[in-house]
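In what follows, a structure is listed as structure tokens, so that the remarks can point back to it.
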Amino acid sequence: MDSRIEITYDVFEAMWLITLIDEAGQRVGKPEYYKKKEKALQQIPSLKKEYPDIPIRVYSKSDLLVAVY
């Protein structure tokens, strides 16, 4: 399965965005926005419980991949 969860910084919204990406690279469901990166990162444990087989990728403000969970 190539699905993944991405935590990225949306420069237009100036917020951190958690998005589920499907195998075709399309966003699935409604994205969740957070003002602070720490708040977005706090969601990782619950996301891992909900989607145990899907990798979570965290990107910096400059869109560099900084972590995979």
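Every chain in the structure tokens takes a letter, A first, then B, and so on in the order presented; its residues are numbered from 1, and the ligands are numbered from 1 following the presented order.
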
DSSP on the backbone: which residues in chain A end up as helix (DSSP H, G or I)? Give the answer as a short mmCIF file (atom, residue, chain, number, x, y, z; two decimals) with C-alpha atoms, in the first residue's frame.
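Just written: result_15.cif:
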```cif
data_model
loop_
_atom_site.label_atom_id
_atom_site.label_comp_id
_atom_site.auth_asym_id
_atom_site.auth_seq_id
_atom_site.Cartn_x
_atom_site.Cartn_y
_atom_site.Cartn_z
CA LYS A 37 3.75 22.28 14.51
CA GLU A 38 3.77 20.76 18.01
CA LYS A 39 -0.03 20.39 17.89
CA ALA A 40 0.19 18.60 14.54
CA LEU A 41 2.96 16.31 15.80
CA ILE A 44 0.96 11.12 15.39
CA PRO A 45 0.16 8.51 18.10
CA SER A 46 -3.56 8.56 17.36
CA LEU A 47 -2.91 8.51 13.60
CA LYS A 48 -0.66 5.45 14.06
CA LYS A 49 -3.48 3.71 15.96
CA GLU A 50 -6.03 4.60 13.30
#
```

* Can you list, as a ChimeraX atom specification, every protein, DNA or RNA residue that comes within 8 Å of Ser3 in chain A when you count only C-alpha atoms, leaving out same-chain residues fewer than 6 positions away? -> /A:20-23,25,54-55

* Asked: Which parts of chain A does DSSP call strand (DSSP E or B) when run on the backbone here, written out as a ChimeraX atom specification?
  -> /A:4-10,15-21,27-34,56-59,65-68

For the selection just defined, write its residues with N, CA and C atoms to a file, as a compact mmCIF listing (two decimals), in the first residue's frame.
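Full text of selection-v2.txt as output:
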```
# COMPACT_ATOMS: atom_id res chain seq x y z
N ARG A 4 -0.18 7.28 2.42
CA ARG A 4 0.66 7.91 3.43
C ARG A 4 -0.10 9.07 4.05
N ILE A 5 0.36 9.45 5.22
CA ILE A 5 -0.16 10.63 5.89
C ILE A 5 0.95 11.66 5.86
N GLU A 6 0.65 12.85 5.41
CA GLU A 6 1.67 13.89 5.34
C GLU A 6 1.33 15.04 6.29
N ILE A 7 2.34 15.49 7.00
CA ILE A 7 2.22 16.70 7.81
C ILE A 7 3.13 17.73 7.14
N THR A 8 2.52 18.72 6.54
CA THR A 8 3.27 19.72 5.78
C THR A 8 2.87 21.13 6.22
N TYR A 9 3.71 22.08 5.88
CA TYR A 9 3.40 23.47 6.19
C TYR A 9 2.79 24.11 4.96
N ASP A 10 1.59 24.66 5.12
CA ASP A 10 0.89 25.32 4.02
C ASP A 10 1.20 26.82 4.09
N MET A 15 -0.30 27.58 8.14
CA MET A 15 -0.65 26.59 9.15
C MET A 15 -0.08 25.23 8.76
N TRP A 16 0.02 24.35 9.75
CA TRP A 16 0.44 22.97 9.52
C TRP A 16 -0.77 22.16 9.11
N LEU A 17 -0.57 21.27 8.15
CA LEU A 17 -1.67 20.55 7.53
C LEU A 17 -1.41 19.05 7.62
N ILE A 18 -2.39 18.28 8.11
CA ILE A 18 -2.30 16.82 8.12
C ILE A 18 -3.24 16.31 7.04
N THR A 19 -2.68 15.54 6.10
CA THR A 19 -3.45 15.06 4.96
C THR A 19 -3.21 13.58 4.74
N LEU A 20 -4.25 12.84 4.42
CA LEU A 20 -4.13 11.44 4.02
C LEU A 20 -4.03 11.40 2.50
N ILE A 21 -2.98 10.77 1.99
CA ILE A 21 -2.73 10.68 0.55
C ILE A 21 -2.95 9.23 0.13
N ARG A 27 -5.34 13.64 -2.37
CA ARG A 27 -5.74 13.86 -0.98
C ARG A 27 -7.08 13.19 -0.73
N VAL A 28 -7.19 12.54 0.43
CA VAL A 28 -8.41 11.82 0.80
C VAL A 28 -8.96 12.45 2.07
N GLY A 29 -10.26 12.69 2.09
CA GLY A 29 -10.89 13.27 3.27
C GLY A 29 -10.57 14.75 3.41
N LYS A 30 -11.01 15.29 4.52
CA LYS A 30 -10.82 16.72 4.78
C LYS A 30 -9.52 16.92 5.56
N PRO A 31 -8.62 17.78 5.09
CA PRO A 31 -7.37 18.00 5.83
C PRO A 31 -7.63 18.70 7.17
N GLU A 32 -6.73 18.45 8.11
CA GLU A 32 -6.81 19.10 9.42
C GLU A 32 -5.70 20.15 9.50
N TYR A 33 -6.05 21.34 9.97
CA TYR A 33 -5.09 22.44 10.08
C TYR A 33 -4.74 22.71 11.54
N TYR A 34 -3.47 23.03 11.77
CA TYR A 34 -2.99 23.37 13.11
C TYR A 34 -2.09 24.59 13.01
N ILE A 56 3.71 7.86 8.12
CA ILE A 56 3.44 9.28 8.36
C ILE A 56 4.72 10.03 8.01
N ARG A 57 4.61 10.99 7.13
CA ARG A 57 5.77 11.78 6.70
C ARG A 57 5.61 13.22 7.18
N VAL A 58 6.65 13.74 7.80
CA VAL A 58 6.63 15.10 8.32
C VAL A 58 7.61 15.95 7.51
N TYR A 59 7.12 17.08 7.04
CA TYR A 59 7.93 17.98 6.22
C TYR A 59 8.17 19.28 6.97
N LEU A 65 11.62 16.67 3.61
CA LEU A 65 11.17 15.57 4.46
C LEU A 65 12.09 15.46 5.65
N VAL A 66 11.51 15.59 6.86
CA VAL A 66 12.35 15.58 8.06
C VAL A 66 12.15 14.35 8.92
N ALA A 67 11.03 13.64 8.76
CA ALA A 67 10.80 12.46 9.58
C ALA A 67 9.77 11.55 8.92
N VAL A 68 9.92 10.26 9.16
CA VAL A 68 8.92 9.27 8.74
C VAL A 68 8.61 8.41 9.96
```

* When you draw a straight line from CA of Gln42 in chain A to CA of Ser60 in chain A, how long is it in Å? -> 15.6 Å

* **A:Phe12, A:Tyr51, A:Lys35, A:Ala24 ranked by distance to Tyr69 in chain A, top pick (using only C-alpha atoms)** => A:Tyr51
